[in-house]
Every structure is written in structure tokens, then in C-alpha cells.
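Asks: This is my_file.cif (mmCIF, C-alpha atoms).
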```cif
data_entry
#
loop_
_atom_site.group_PDB
_atom_site.id
_atom_site.type_symbol
_atom_site.label_atom_id
_atom_site.label_comp_id
_atom_site.auth_asym_id
_atom_site.auth_seq_id
_atom_site.Cartn_x
_atom_site.Cartn_y
_atom_site.Cartn_z
ATOM 1 C CA MET A 78 -176.255 128.089 -19.386
ATOM 2 C CA ARG A 79 -178.543 127.063 -22.294
ATOM 3 C CA THR A 80 -179.927 130.634 -22.530
ATOM 4 C CA LEU A 81 -176.405 132.032 -22.520
ATOM 5 C CA ARG A 82 -175.395 129.721 -25.367
ATOM 6 C CA VAL A 83 -178.383 130.786 -27.484
ATOM 7 C CA LEU A 84 -177.588 134.441 -26.891
ATOM 8 C CA THR A 85 -173.979 133.807 -27.858
ATOM 9 C CA VAL A 86 -175.039 132.303 -31.182
ATOM 10 C CA ALA A 87 -177.499 135.124 -31.801
ATOM 11 C CA ALA A 88 -174.784 137.682 -31.157
ATOM 12 C CA ALA A 89 -172.439 135.832 -33.502
ATOM 13 C CA ILE A 90 -175.051 135.907 -36.261
ATOM 14 C CA ALA A 91 -175.461 139.645 -35.900
ATOM 15 C CA VAL A 92 -171.717 140.273 -35.930
ATOM 16 C CA CYS A 93 -171.074 137.944 -38.866
ATOM 17 C CA THR A 94 -173.847 139.515 -40.921
ATOM 18 C CA VAL A 95 -172.243 142.928 -40.473
ATOM 19 C CA ILE A 96 -168.795 141.584 -41.335
ATOM 20 C CA LEU A 97 -170.049 139.782 -44.441
ATOM 21 C CA SER A 98 -171.777 142.903 -45.676
ATOM 22 C CA ALA A 99 -168.771 145.100 -45.005
ATOM 23 C CA CYS A 100 -166.400 142.757 -46.816
ATOM 24 C CA GLY A 101 -168.636 142.254 -49.847
ATOM 25 C CA ALA A 102 -169.222 138.643 -48.730
ATOM 26 C CA THR A 103 -166.149 137.275 -50.491
ATOM 27 C CA PHE A 104 -164.374 134.105 -49.436
ATOM 28 C CA ASP A 105 -160.934 132.657 -49.947
ATOM 29 C CA ARG A 106 -160.795 129.916 -52.557
ATOM 30 C CA THR A 107 -158.330 127.798 -50.579
ATOM 31 C CA LYS A 108 -159.407 124.440 -49.203
ATOM 32 C CA THR A 109 -159.877 124.471 -45.451
ATOM 33 C CA ARG A 110 -161.880 121.759 -43.748
ATOM 34 C CA VAL A 111 -164.085 122.432 -40.746
ATOM 35 C CA GLY A 112 -165.181 118.852 -40.182
ATOM 36 C CA SER A 113 -161.968 116.803 -40.211
ATOM 37 C CA ASN A 114 -160.914 114.454 -37.413
ATOM 38 C CA LEU A 115 -164.301 114.680 -35.738
ATOM 39 C CA ALA A 116 -164.428 113.343 -32.217
ATOM 40 C CA PRO A 117 -167.030 110.632 -31.512
ATOM 41 C CA VAL A 118 -170.220 112.069 -30.056
ATOM 42 C CA ALA A 119 -170.799 111.051 -26.446
ATOM 43 C CA ARG A 120 -174.341 109.784 -25.882
ATOM 44 C CA GLU A 121 -176.253 106.955 -24.269
ATOM 45 C CA ALA A 122 -176.309 103.526 -25.912
ATOM 46 C CA GLY A 123 -178.761 103.427 -28.819
ATOM 47 C CA GLN A 124 -179.305 107.172 -28.838
ATOM 48 C CA GLN A 125 -179.487 108.722 -32.324
ATOM 49 C CA LEU A 126 -177.255 111.501 -33.578
ATOM 50 C CA LYS A 127 -179.027 114.864 -33.761
ATOM 51 C CA VAL A 128 -178.110 116.625 -36.972
ATOM 52 C CA VAL A 129 -179.100 119.934 -38.582
ATOM 53 C CA ALA A 130 -178.650 120.461 -42.328
ATOM 54 C CA THR A 131 -179.109 123.743 -44.130
ATOM 55 C CA THR A 132 -180.669 122.870 -47.500
ATOM 56 C CA GLY A 133 -183.080 120.140 -48.496
ATOM 57 C CA GLN A 134 -180.530 118.456 -50.748
ATOM 58 C CA ILE A 135 -178.029 118.155 -47.905
ATOM 59 C CA ALA A 136 -180.681 117.096 -45.397
ATOM 60 C CA GLU A 137 -181.811 114.261 -47.659
ATOM 61 C CA ALA A 138 -178.254 113.045 -48.207
ATOM 62 C CA VAL A 139 -177.591 113.014 -44.453
ATOM 63 C CA GLN A 140 -180.812 111.131 -43.774
ATOM 64 C CA ARG A 141 -180.257 108.611 -46.556
ATOM 65 C CA VAL A 142 -176.754 107.837 -45.280
ATOM 66 C CA GLY A 143 -177.658 108.062 -41.598
ATOM 67 C CA GLY A 144 -180.838 106.010 -41.807
ATOM 68 C CA ASN A 145 -182.402 105.271 -38.439
ATOM 69 C CA ARG A 146 -179.186 106.117 -36.620
ATOM 70 C CA VAL A 147 -179.622 109.839 -37.278
ATOM 71 C CA ILE A 148 -182.367 112.392 -36.659
ATOM 72 C CA THR A 149 -182.055 115.087 -39.319
ATOM 73 C CA HIS A 150 -183.674 118.518 -39.340
ATOM 74 C CA GLY A 151 -183.443 120.643 -42.478
ATOM 75 C CA LEU A 152 -183.534 124.391 -41.936
ATOM 76 C CA MET A 153 -184.606 125.431 -45.442
ATOM 77 C CA GLY A 154 -187.712 123.850 -46.859
ATOM 78 C CA SER A 155 -189.529 123.951 -50.178
ATOM 79 C CA GLY A 156 -189.348 127.277 -51.997
ATOM 80 C CA VAL A 157 -186.772 128.781 -49.620
ATOM 81 C CA ASP A 158 -183.886 130.701 -51.197
ATOM 82 C CA PRO A 159 -180.680 129.844 -49.280
ATOM 83 C CA HIS A 160 -178.851 132.868 -50.676
ATOM 84 C CA LEU A 161 -181.213 135.152 -48.750
ATOM 85 C CA TYR A 162 -181.946 132.962 -45.724
ATOM 86 C CA ARG A 163 -181.502 134.355 -42.225
ATOM 87 C CA ALA A 164 -181.595 132.173 -39.117
ATOM 88 C CA SER A 165 -184.672 132.427 -36.895
ATOM 89 C CA GLU A 166 -184.676 132.097 -33.125
ATOM 90 C CA SER A 167 -185.870 128.506 -33.408
ATOM 91 C CA ASP A 168 -183.055 127.766 -35.875
ATOM 92 C CA ILE A 169 -180.542 129.057 -33.356
ATOM 93 C CA THR A 170 -181.973 126.802 -30.675
ATOM 94 C CA ARG A 171 -181.768 123.769 -32.971
ATOM 95 C CA LEU A 172 -178.210 124.578 -33.987
ATOM 96 C CA GLU A 173 -176.859 124.953 -30.481
ATOM 97 C CA SER A 174 -178.497 121.727 -29.290
ATOM 98 C CA ALA A 175 -177.394 119.573 -32.274
ATOM 99 C CA ASP A 176 -174.502 117.134 -32.403
ATOM 100 C CA ALA A 177 -173.532 118.371 -35.870
ATOM 101 C CA VAL A 178 -174.507 120.766 -38.624
ATOM 102 C CA PHE A 179 -173.954 119.954 -42.308
ATOM 103 C CA TRP A 180 -173.837 122.865 -44.776
ATOM 104 C CA ASN A 181 -172.747 123.668 -48.320
ATOM 105 C CA GLY A 182 -169.944 126.067 -47.423
ATOM 106 C CA LEU A 183 -169.411 127.692 -50.840
ATOM 107 C CA HIS A 184 -171.150 130.973 -50.000
ATOM 108 C CA LEU A 185 -174.576 129.411 -50.584
ATOM 109 C CA GLU A 186 -175.688 130.158 -47.018
ATOM 110 C CA ALA A 187 -174.303 133.703 -47.213
ATOM 111 C CA GLY A 188 -176.257 135.042 -44.256
ATOM 112 C CA MET A 189 -175.253 132.173 -41.954
ATOM 113 C CA SER A 190 -171.683 131.273 -42.935
ATOM 114 C CA GLY A 191 -169.983 132.950 -40.015
ATOM 115 C CA VAL A 192 -172.093 131.353 -37.312
ATOM 116 C CA LEU A 193 -171.968 127.928 -38.969
ATOM 117 C CA GLU A 194 -168.173 128.032 -38.976
ATOM 118 C CA ARG A 195 -168.163 128.936 -35.286
ATOM 119 C CA MET A 196 -170.468 126.177 -34.076
ATOM 120 C CA GLY A 197 -167.442 124.248 -32.847
ATOM 121 C CA GLU A 198 -167.044 126.771 -30.061
ATOM 122 C CA LEU A 199 -170.352 125.431 -28.704
ATOM 123 C CA GLY A 200 -169.352 121.807 -29.055
ATOM 124 C CA VAL A 201 -171.301 121.275 -32.297
ATOM 125 C CA HIS A 202 -169.446 119.619 -35.178
ATOM 126 C CA SER A 203 -169.567 121.815 -38.298
ATOM 127 C CA ILE A 204 -169.175 119.994 -41.622
ATOM 128 C CA ARG A 205 -168.902 121.749 -44.961
ATOM 129 C CA VAL A 206 -170.041 119.021 -47.323
ATOM 130 C CA THR A 207 -168.168 120.427 -50.343
ATOM 131 C CA ASP A 208 -164.725 120.317 -48.731
ATOM 132 C CA ASP A 209 -163.619 117.073 -50.403
ATOM 133 C CA ILE A 210 -164.516 118.152 -53.949
ATOM 134 C CA ASP A 211 -161.405 118.696 -56.068
ATOM 135 C CA ARG A 212 -161.097 122.487 -56.374
ATOM 136 C CA ASP A 213 -160.123 122.094 -60.030
ATOM 137 C CA ARG A 214 -163.642 120.803 -60.661
ATOM 138 C CA LEU A 215 -165.348 123.766 -59.018
ATOM 139 C CA LEU A 216 -166.474 126.719 -61.112
ATOM 140 C CA ALA A 217 -165.093 130.142 -60.213
ATOM 141 C CA PRO A 218 -167.025 132.685 -62.293
ATOM 142 C CA PRO A 219 -165.408 136.143 -62.351
ATOM 143 C CA GLU A 220 -168.663 137.870 -61.415
ATOM 144 C CA PHE A 221 -168.718 135.864 -58.161
ATOM 145 C CA GLU A 222 -165.357 137.240 -57.093
ATOM 146 C CA GLY A 223 -163.666 135.446 -54.236
ATOM 147 C CA ALA A 224 -166.006 132.449 -54.133
ATOM 148 C CA TYR A 225 -166.884 129.321 -56.053
ATOM 149 C CA ASP A 226 -170.257 128.606 -57.627
ATOM 150 C CA PRO A 227 -172.037 126.661 -54.853
ATOM 151 C CA HIS A 228 -174.640 124.820 -56.988
ATOM 152 C CA VAL A 229 -172.633 121.583 -57.081
ATOM 153 C CA TRP A 230 -175.669 119.288 -56.671
ATOM 154 C CA PHE A 231 -176.443 119.775 -60.370
ATOM 155 C CA ASP A 232 -173.380 117.719 -61.297
ATOM 156 C CA LEU A 233 -174.427 114.329 -59.983
ATOM 157 C CA ASP A 234 -170.874 113.019 -60.077
ATOM 158 C CA LEU A 235 -169.754 115.832 -57.751
ATOM 159 C CA TRP A 236 -172.704 115.074 -55.493
ATOM 160 C CA THR A 237 -171.455 111.537 -54.947
ATOM 161 C CA THR A 238 -168.332 113.105 -53.415
ATOM 162 C CA VAL A 239 -170.591 115.082 -51.082
ATOM 163 C CA VAL A 240 -172.365 111.883 -50.042
ATOM 164 C CA LYS A 241 -169.011 110.290 -49.254
ATOM 165 C CA THR A 242 -168.024 113.308 -47.136
ATOM 166 C CA ILE A 243 -171.263 112.952 -45.178
ATOM 167 C CA ARG A 244 -170.640 109.213 -44.772
ATOM 168 C CA ASN A 245 -167.128 109.783 -43.451
ATOM 169 C CA ALA A 246 -168.281 112.461 -41.001
ATOM 170 C CA LEU A 247 -171.012 110.211 -39.592
ATOM 171 C CA ILE A 248 -168.513 107.378 -39.205
ATOM 172 C CA GLU A 249 -166.130 109.644 -37.309
ATOM 173 C CA MET A 250 -168.895 110.798 -34.989
ATOM 174 C CA ASP A 251 -170.480 107.358 -34.574
ATOM 175 C CA PRO A 252 -167.881 104.660 -35.367
ATOM 176 C CA GLU A 253 -170.036 101.891 -33.879
ATOM 177 C CA ASN A 254 -172.367 102.161 -36.884
ATOM 178 C CA THR A 255 -169.673 102.342 -39.546
ATOM 179 C CA GLU A 256 -171.048 99.472 -41.637
ATOM 180 C CA VAL A 257 -174.563 100.946 -41.593
ATOM 181 C CA TYR A 258 -173.311 104.255 -42.945
ATOM 182 C CA ARG A 259 -171.148 102.576 -45.577
ATOM 183 C CA ALA A 260 -173.986 100.405 -46.841
ATOM 184 C CA ASN A 261 -176.502 103.253 -46.908
ATOM 185 C CA ALA A 262 -174.076 105.533 -48.743
ATOM 186 C CA ALA A 263 -173.259 102.871 -51.326
ATOM 187 C CA ALA A 264 -176.959 102.285 -52.058
ATOM 188 C CA TYR A 265 -177.658 106.012 -52.397
ATOM 189 C CA ILE A 266 -174.632 106.612 -54.615
ATOM 190 C CA ALA A 267 -175.761 103.774 -56.905
ATOM 191 C CA GLN A 268 -179.110 105.556 -57.361
ATOM 192 C CA ILE A 269 -177.373 108.852 -58.091
ATOM 193 C CA GLU A 270 -175.112 107.213 -60.689
ATOM 194 C CA GLU A 271 -178.125 105.589 -62.356
ATOM 195 C CA LEU A 272 -179.879 108.951 -62.535
ATOM 196 C CA ASP A 273 -176.726 110.589 -63.906
ATOM 197 C CA ALA A 274 -176.837 108.203 -66.867
ATOM 198 C CA TYR A 275 -180.550 108.956 -67.360
ATOM 199 C CA VAL A 276 -179.960 112.714 -67.416
ATOM 200 C CA LYS A 277 -177.157 112.348 -69.968
ATOM 201 C CA ALA A 278 -179.352 110.238 -72.232
ATOM 202 C CA ARG A 279 -182.329 112.595 -72.008
ATOM 203 C CA ALA A 280 -180.228 115.672 -72.761
ATOM 204 C CA LEU A 281 -179.130 114.066 -76.027
ATOM 205 C CA GLU A 282 -182.772 113.955 -77.154
ATOM 206 C CA VAL A 283 -182.552 117.711 -77.774
ATOM 207 C CA GLU A 284 -180.644 118.829 -80.882
ATOM 208 C CA GLU A 285 -177.281 120.281 -79.913
ATOM 209 C CA GLY A 286 -178.034 123.815 -81.088
ATOM 210 C CA ALA A 287 -181.313 123.848 -79.147
ATOM 211 C CA ARG A 288 -179.824 122.831 -75.781
ATOM 212 C CA VAL A 289 -180.143 126.312 -74.318
ATOM 213 C CA LEU A 290 -181.483 126.686 -70.788
ATOM 214 C CA VAL A 291 -182.645 130.179 -69.808
ATOM 215 C CA THR A 292 -183.640 130.608 -66.155
ATOM 216 C CA ALA A 293 -184.287 133.186 -63.465
ATOM 217 C CA HIS A 294 -180.795 133.012 -61.946
ATOM 218 C CA ASP A 295 -177.472 131.514 -62.887
ATOM 219 C CA ALA A 296 -177.726 128.256 -60.937
ATOM 220 C CA PHE A 297 -177.226 125.651 -63.653
ATOM 221 C CA ASN A 298 -173.614 125.975 -64.790
ATOM 222 C CA TYR A 299 -172.564 122.634 -63.299
ATOM 223 C CA PHE A 300 -175.588 121.081 -64.989
ATOM 224 C CA ALA A 301 -174.553 122.638 -68.301
ATOM 225 C CA ASN A 302 -170.965 121.425 -68.047
ATOM 226 C CA ARG A 303 -171.898 117.846 -67.228
ATOM 227 C CA TYR A 304 -174.822 117.418 -69.607
ATOM 228 C CA GLY A 305 -173.803 119.509 -72.620
ATOM 229 C CA MET A 306 -176.109 122.501 -72.343
ATOM 230 C CA GLU A 307 -175.708 126.238 -72.677
ATOM 231 C CA VAL A 308 -177.214 128.193 -69.786
ATOM 232 C CA HIS A 309 -178.173 131.811 -69.244
ATOM 233 C CA GLY A 310 -179.613 133.269 -66.045
ATOM 234 C CA LEU A 311 -181.244 136.652 -65.647
ATOM 235 C CA GLN A 312 -179.732 137.160 -62.199
ATOM 236 C CA GLY A 313 -176.221 136.165 -61.224
ATOM 237 C CA ILE A 314 -174.930 133.171 -59.266
ATOM 238 C CA SER A 315 -176.513 134.554 -56.099
ATOM 239 C CA THR A 316 -180.045 135.920 -55.951
ATOM 240 C CA GLU A 317 -178.664 138.655 -53.687
ATOM 241 C CA SER A 318 -177.908 140.466 -56.938
ATOM 242 C CA GLU A 319 -180.779 142.163 -58.759
ATOM 243 C CA ALA A 320 -181.440 142.175 -62.481
ATOM 244 C CA SER A 321 -181.429 145.596 -64.084
ATOM 245 C CA THR A 322 -183.443 146.816 -67.058
ATOM 246 C CA ALA A 323 -180.288 146.431 -69.123
ATOM 247 C CA ASP A 324 -180.007 142.796 -68.003
ATOM 248 C CA VAL A 325 -183.602 142.146 -69.080
ATOM 249 C CA GLN A 326 -183.049 143.751 -72.483
ATOM 250 C CA GLU A 327 -179.770 141.919 -73.043
ATOM 251 C CA LEU A 328 -181.341 138.547 -72.287
ATOM 252 C CA ALA A 329 -184.386 139.357 -74.440
ATOM 253 C CA LYS A 330 -182.082 140.169 -77.351
ATOM 254 C CA PHE A 331 -180.214 136.894 -76.885
ATOM 255 C CA ILE A 332 -183.465 134.901 -76.829
ATOM 256 C CA SER A 333 -184.789 136.681 -79.920
ATOM 257 C CA ASP A 334 -181.559 136.366 -81.890
ATOM 258 C CA ARG A 335 -181.279 132.658 -81.127
ATOM 259 C CA GLY A 336 -184.984 131.914 -81.567
ATOM 260 C CA ILE A 337 -185.202 130.222 -78.189
ATOM 261 C CA PRO A 338 -188.733 128.842 -77.611
ATOM 262 C CA ALA A 339 -188.870 128.494 -73.831
ATOM 263 C CA ILE A 340 -187.646 130.079 -70.613
ATOM 264 C CA PHE A 341 -187.953 128.438 -67.211
ATOM 265 C CA ILE A 342 -189.098 129.730 -63.849
ATOM 266 C CA GLU A 343 -187.566 128.484 -60.593
ATOM 267 C CA SER A 344 -189.517 127.392 -57.551
ATOM 268 C CA SER A 345 -187.383 129.431 -55.124
ATOM 269 C CA VAL A 346 -187.090 132.642 -57.177
ATOM 270 C CA PRO A 347 -189.934 135.132 -57.849
ATOM 271 C CA ASP A 348 -190.978 135.085 -61.505
ATOM 272 C CA GLN A 349 -191.283 138.856 -62.067
ATOM 273 C CA GLY A 350 -187.917 138.967 -63.821
ATOM 274 C CA VAL A 351 -188.824 136.108 -66.132
ATOM 275 C CA GLN A 352 -192.127 137.788 -66.989
ATOM 276 C CA ALA A 353 -190.234 141.000 -67.803
ATOM 277 C CA VAL A 354 -187.969 139.068 -70.167
ATOM 278 C CA ILE A 355 -190.970 137.487 -71.905
ATOM 279 C CA GLU A 356 -192.509 140.940 -72.430
ATOM 280 C CA ALA A 357 -189.236 142.417 -73.681
ATOM 281 C CA THR A 358 -188.806 139.511 -76.078
ATOM 282 C CA ALA A 359 -192.348 139.968 -77.408
ATOM 283 C CA ALA A 360 -191.556 143.630 -78.061
ATOM 284 C CA ARG A 361 -188.770 142.394 -80.338
ATOM 285 C CA GLY A 362 -191.242 140.292 -82.303
ATOM 286 C CA HIS A 363 -190.329 136.909 -80.862
ATOM 287 C CA THR A 364 -192.566 134.714 -78.719
ATOM 288 C CA VAL A 365 -190.961 132.801 -75.876
ATOM 289 C CA THR A 366 -193.112 130.745 -73.516
ATOM 290 C CA ILE A 367 -192.600 129.462 -69.981
ATOM 291 C CA GLY A 368 -191.331 125.925 -70.439
ATOM 292 C CA GLY A 369 -192.272 124.986 -66.898
ATOM 293 C CA GLU A 370 -191.141 125.301 -63.310
ATOM 294 C CA ILE A 371 -187.844 123.733 -62.363
ATOM 295 C CA PHE A 372 -186.108 123.391 -59.021
ATOM 296 C CA SER A 373 -182.786 125.049 -58.346
ATOM 297 C CA ASP A 374 -181.794 126.040 -54.809
ATOM 298 C CA ALA A 375 -184.732 124.340 -53.105
ATOM 299 C CA MET A 376 -186.501 121.042 -53.683
ATOM 300 C CA GLY A 377 -190.239 120.582 -54.076
ATOM 301 C CA ALA A 378 -192.857 120.163 -51.391
ATOM 302 C CA GLU A 379 -192.377 117.429 -48.836
ATOM 303 C CA GLY A 380 -194.179 114.235 -49.787
ATOM 304 C CA THR A 381 -193.901 114.837 -53.544
ATOM 305 C CA GLU A 382 -191.466 113.243 -55.963
ATOM 306 C CA GLU A 383 -189.916 116.667 -56.564
ATOM 307 C CA GLY A 384 -189.462 116.954 -52.809
ATOM 308 C CA THR A 385 -186.569 114.493 -53.058
ATOM 309 C CA TYR A 386 -183.151 115.155 -54.554
ATOM 310 C CA LEU A 387 -183.429 112.390 -57.135
ATOM 311 C CA GLY A 388 -186.987 113.432 -57.942
ATOM 312 C CA MET A 389 -186.147 117.105 -58.462
ATOM 313 C CA ILE A 390 -183.290 116.245 -60.821
ATOM 314 C CA ARG A 391 -185.488 113.869 -62.823
ATOM 315 C CA HIS A 392 -188.299 116.448 -62.930
ATOM 316 C CA ASN A 393 -185.902 119.128 -64.138
ATOM 317 C CA ILE A 394 -184.413 117.182 -67.025
ATOM 318 C CA ASP A 395 -187.819 115.870 -68.131
ATOM 319 C CA THR A 396 -189.329 119.375 -68.052
ATOM 320 C CA ILE A 397 -186.378 120.932 -69.887
ATOM 321 C CA VAL A 398 -186.234 118.298 -72.603
ATOM 322 C CA GLU A 399 -189.988 118.314 -73.280
ATOM 323 C CA ALA A 400 -190.005 122.112 -73.608
ATOM 324 C CA LEU A 401 -186.935 122.363 -75.836
ATOM 325 C CA ARG A 402 -187.901 119.415 -78.057
ATOM 326 C CA ARG A 403 -191.002 121.296 -79.214
ATOM 327 C CA THR A 404 -188.861 123.292 -81.613
#
```
Would you encode the structure as C-alpha cells?
Replies:
Amino acid sequence: MRTLRVLTVAAAIAVCTVILSACGATFDRTKTRVGSNLAPVAREAGQQLKVVATTGQIAEAVQRVGGNRVITHGLMGSGVDPHLYRASESDITRLESADAVFWNGLHLEAGMSGVLERMGELGVHSIRVTDDIDRDRLLAPPEFEGAYDPHVWFDLDLWTTVVKTIRNALIEMDPENTEVYRANAAAYIAQIEELDAYVKARALEVEEGARVLVTAHDAFNYFANRYGMEVHGLQGISTESEASTADVQELAKFISDRGIPAIFIESSVPDQGVQAVIEATAARGHTVTIGGEIFSDAMGAEGTEEGTYLGMIRHNIDTIVEALRRT
């Protein structure tokens, strides 16, 4: 039976990948919730919940809220691009044996969305952590037709809503530990709110006209909206798109015309495109340097400060401000 279940998931992944490709991987912008009214998970007394999370940011939030009542496995580690991620055989095994899977749900996990939605057929709770965010607060860029911008973790206020969604899902699955989950979530949210204030204050250290963040792909629009910055990415919202020569030249012209001093590489995106922009900008007679490496879709290495959600956000704003203040 276990082998049959794994094969079923594998077949679903193959079918969903074909369907997503054929349909242009667009998704309805209505609000539908996978993880509502979750039934309590049946298990022996004292046994921990077994949870799989897709990205590092989600995995950390689940573990911080779940504490020692939850065993969390994150599928996508440091430097992994979730836009391009495909499930391995071991991932499939983990998914089908978990009590629940937590995922972004806004087209971030494009290659896995179909199978993640269908985990309920195998008795695995499937929770899209963005479902409780007010859709009026989500960005819907025209170039990402049919889907919202999934990079919501860069607005720390929105991320507190995600933490609450995770808290509520854990309570539904494990009501006996309700107070543990509530206390853990409250402590984590307090840290996020403190960091939100820090990021706002640091952003103001850069003169308004110089608050321009140029990166490898367009992942920082929520960050820009919340913290008063202008952002430009070489690639689009998803790294599935590829930058053309025209894109490189257009961005180089923008950088030259505005006299922007620094461009930033991302830990989960190859830097060839950024290097091409630097060369194209130099050809226009303007020097732009790499302001540093920042973290977008993936956190830093495990065991480092940047390997935590709070640490990656703090690293990003410190790196950005120090580079842009040199003007």
C-alpha cells in the first residue's frame, strides 16, 4: 500500500507538470482555502506532528510556532530556487508520510502546486499559508497574469498573518496543545514586529531619491511598498522567465540615467545576468558595483544568522542601506 501511494503521488506530479505547462501556469485570483476545518490528527499520546514545509521561511515559521510538539522538514534549503524546484523521490516519500504540508500557494512552488493541492486525497492536510492574507493587500502585476506576486515574506506585517494561519492550522490538528501554539506564535510575532520597525528606520537612513534597489529578479515589490523603496529586477516575478539582451540594455540605461551606484546579487539566482548588466552599464560610461549578496527566495546556510527568517531580513536591509548610503 505504501508503494502504491508513492507511485500515485509521482504520477500526479507528472500529470500536474504537464497541465501547468500547457495552461501557461496561470491561477485564479479568487480565495479558496485548502486547509480550513482541519480534522485533528490521530496519533499516540505525546507523539509529535510530522510536518513538511516547502521553503525555508515557511519551515522556520512552522517550527517556531510548533516548538517541540512538531517535527518539521523543509524541502528547499539554502540557495534553492522554489520557482524552478521539482520534487525528488525522497520528497515524495516525505510528503505522503507527513501529517501536513505547509506551502506558499501563490504560484511560488510552480512545479509542485498540483500535487500539493491533492495531498488531501492521501490523508495529508495541505495548508496554503497565504490564504488568510487580504487579497486587496496582495500585488497582482500584469506581467504575472493570472497569479499574485508570491514574495509576501518581504512585508513583515503580511508575514504575521502567515504565522497566525500556521498557528490556527496546528491548533486544529492538535487542539490539546492550543496554548503552546498560541504562546509560541505570540512570541514570534513580537520579534517580527520589532524587526519591522528596525527595517523601516534603517530604510530612512538612505536619501529618498537614492532608495533604488536593483536585483537579479523582481522579488522585492512587497519590500518596496512597505519600506519606501523603488525596485527593479532584471528577470520577472518568477525566475522561470529569462532576461533578454533587450532587458539587459534597458536596465543598464536606467541605472546609467539615474546614476545608481550599486546592484545586488541574490543567493538563489545565478549572477550571470547581473554581471551582464554591469558590463552594459560600463559601456555607457557609468560604473555600478555589486552592493552585496542578499537573500530573496531562499534563506542562508543552516546555522548562520542569515539562515533564519529574521536574520535574512536584517542582513538584507543592512546590506542594502550600507551600499546605497555610499552615494
Asks: Specify the axis-aligned box that encloses all atoms of range 213-228 of chain A listed in the file after padding of 8 Å on each side, stating its centre and edge lengths in Å to one decimal as AutoDock Vina command-line options.
Replies:
```
--center_x -167.4 --center_y 129.3 --center_z -58.2 --size_x 30.5 --size_y 33.1 --size_z 24.2
```
Asks: Separation of CA of Asp226 in chain A and CA of Met196 in chain A, in Å?
Replies: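 Computing the Euclidean distance for CA of Asp226 in chain A and CA of Met196 in chain A yields 23.7 Å.
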Asks: Report the residues retrieved by the PyMOL selection byres ((chain A and resi 358) around 10) from the displayed file, expressed as number ranges by chain.
Replies: A: 325-334, 352-357, 359-365
Asks: Would you write out, as a PyMOL selection string, every residue that the PyMOL selection byres ((chain A and resi 259) around 9) captures in this file?
Replies: chain A and resi 142+241+244-245+248+254-258+260-264
Asks: For His202 in chain A, which of A:Asp348, A:Glu222, A:Asp176, A:Glu166 is the closest residue, counting only C-alpha atoms?
Replies: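 When distances to His202 in chain A are compared using only C-alpha atoms, the smallest one comes from A:Asp176.
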Asks: What are the closest atom pairs, with distances in Å to one decimal, for each residue of range 172-273 of chain A lying within 12 Å of range 286-300 of chain A, using all atoms listed in the file, rows by chain and rising residue number, as JSON lines?
Replies:
```
{"residue": "A:Leu185", "atom": "CA", "partner": "A:Ala296", "partner_atom": "CA", "distance": 10.9}
{"residue": "A:Arg214", "atom": "CA", "partner": "A:Tyr299", "partner_atom": "CA", "distance": 9.5}
{"residue": "A:Leu215", "atom": "CA", "partner": "A:Tyr299", "partner_atom": "CA", "distance": 8.5}
{"residue": "A:Leu216", "atom": "CA", "partner": "A:Tyr299", "partner_atom": "CA", "distance": 7.7}
{"residue": "A:Ala217", "atom": "CA", "partner": "A:Asn298", "partner_atom": "CA", "distance": 10.5}
{"residue": "A:Pro218", "atom": "CA", "partner": "A:Asn298", "partner_atom": "CA", "distance": 9.7}
{"residue": "A:Glu220", "atom": "CA", "partner": "A:Asp295", "partner_atom": "CA", "distance": 11.0}
{"residue": "A:Phe221", "atom": "CA", "partner": "A:Asp295", "partner_atom": "CA", "distance": 10.9}
{"residue": "A:Tyr225", "atom": "CA", "partner": "A:Tyr299", "partner_atom": "CA", "distance": 11.4}
{"residue": "A:Asp226", "atom": "CA", "partner": "A:Ala296", "partner_atom": "CA", "distance": 8.2}
{"residue": "A:Pro227", "atom": "CA", "partner": "A:Ala296", "partner_atom": "CA", "distance": 8.5}
{"residue": "A:His228", "atom": "CA", "partner": "A:Ala296", "partner_atom": "CA", "distance": 6.1}
{"residue": "A:Val229", "atom": "CA", "partner": "A:Tyr299", "partner_atom": "CA", "distance": 6.3}
{"residue": "A:Trp230", "atom": "CA", "partner": "A:Tyr299", "partner_atom": "CA", "distance": 8.0}
{"residue": "A:Phe231", "atom": "CA", "partner": "A:Phe300", "partner_atom": "CA", "distance": 4.9}
{"residue": "A:Asp232", "atom": "CA", "partner": "A:Tyr299", "partner_atom": "CA", "distance": 5.4}
{"residue": "A:Leu233", "atom": "CA", "partner": "A:Phe300", "partner_atom": "CA", "distance": 8.5}
{"residue": "A:Asp234", "atom": "CA", "partner": "A:Tyr299", "partner_atom": "CA", "distance": 10.3}
{"residue": "A:Leu235", "atom": "CA", "partner": "A:Tyr299", "partner_atom": "CA", "distance": 9.2}
{"residue": "A:Trp236", "atom": "CA", "partner": "A:Tyr299", "partner_atom": "CA", "distance": 10.9}
{"residue": "A:Asp273", "atom": "CA", "partner": "A:Phe300", "partner_atom": "CA", "distance": 10.6}
```
Asks: For the structure provided, state which residues fall under the PyMOL selection byres ((chain A and resi 153) around 12), and present them as JSON, numbers by chain.
Replies: {"A": [129, 130, 131, 132, 133, 134, 135, 136, 137, 150, 151, 152, 154, 155, 156, 157, 158, 159, 160, 161, 162, 163, 164, 165, 168, 180, 185, 186, 345, 374, 375, 376, 377, 378, 379]}
Asks: What is the CA of Ala187 in chain A to CA of Thr238 in chain A distance in Å?
Replies: 22.3 Å
Asks: Report, in Å with one decimal, the straight-line distance from CA of Ile342 in chain A to CA of Thr396 in chain A.
Replies: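 So the two atoms, CA of Ile342 in chain A and CA of Thr396 in chain A, lie 11.2 Å apart.
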Asks: Taking all atoms listed in the file into account, name the residue in A:Asp209, A:Gln124, A:Ala177, A:Leu387 that is nearest to Glu194 in chain A.
Replies: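 Comparing A:Asp209, A:Gln124, A:Ala177, A:Leu387 against Glu194 in chain A, the winner is A:Ala177.
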Asks: I'd like to know which of A:Val118, A:Ala267, A:Ala138, A:Ala323 is closest to Val239 in chain A, using all atoms listed in the file.
Replies: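 Looking at the shortest contact to Val239 in chain A, the residue is A:Ala138.
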Asks: So, with all atoms listed in the file as the atoms that count, which of A:Leu247, A:Thr237, A:Asn114, A:Arg335 lies closest to Lys127 in chain A?
Replies: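 Going through A:Leu247, A:Thr237, A:Asn114, A:Arg335 one by one, the smallest distance to Lys127 in chain A is for A:Leu247.
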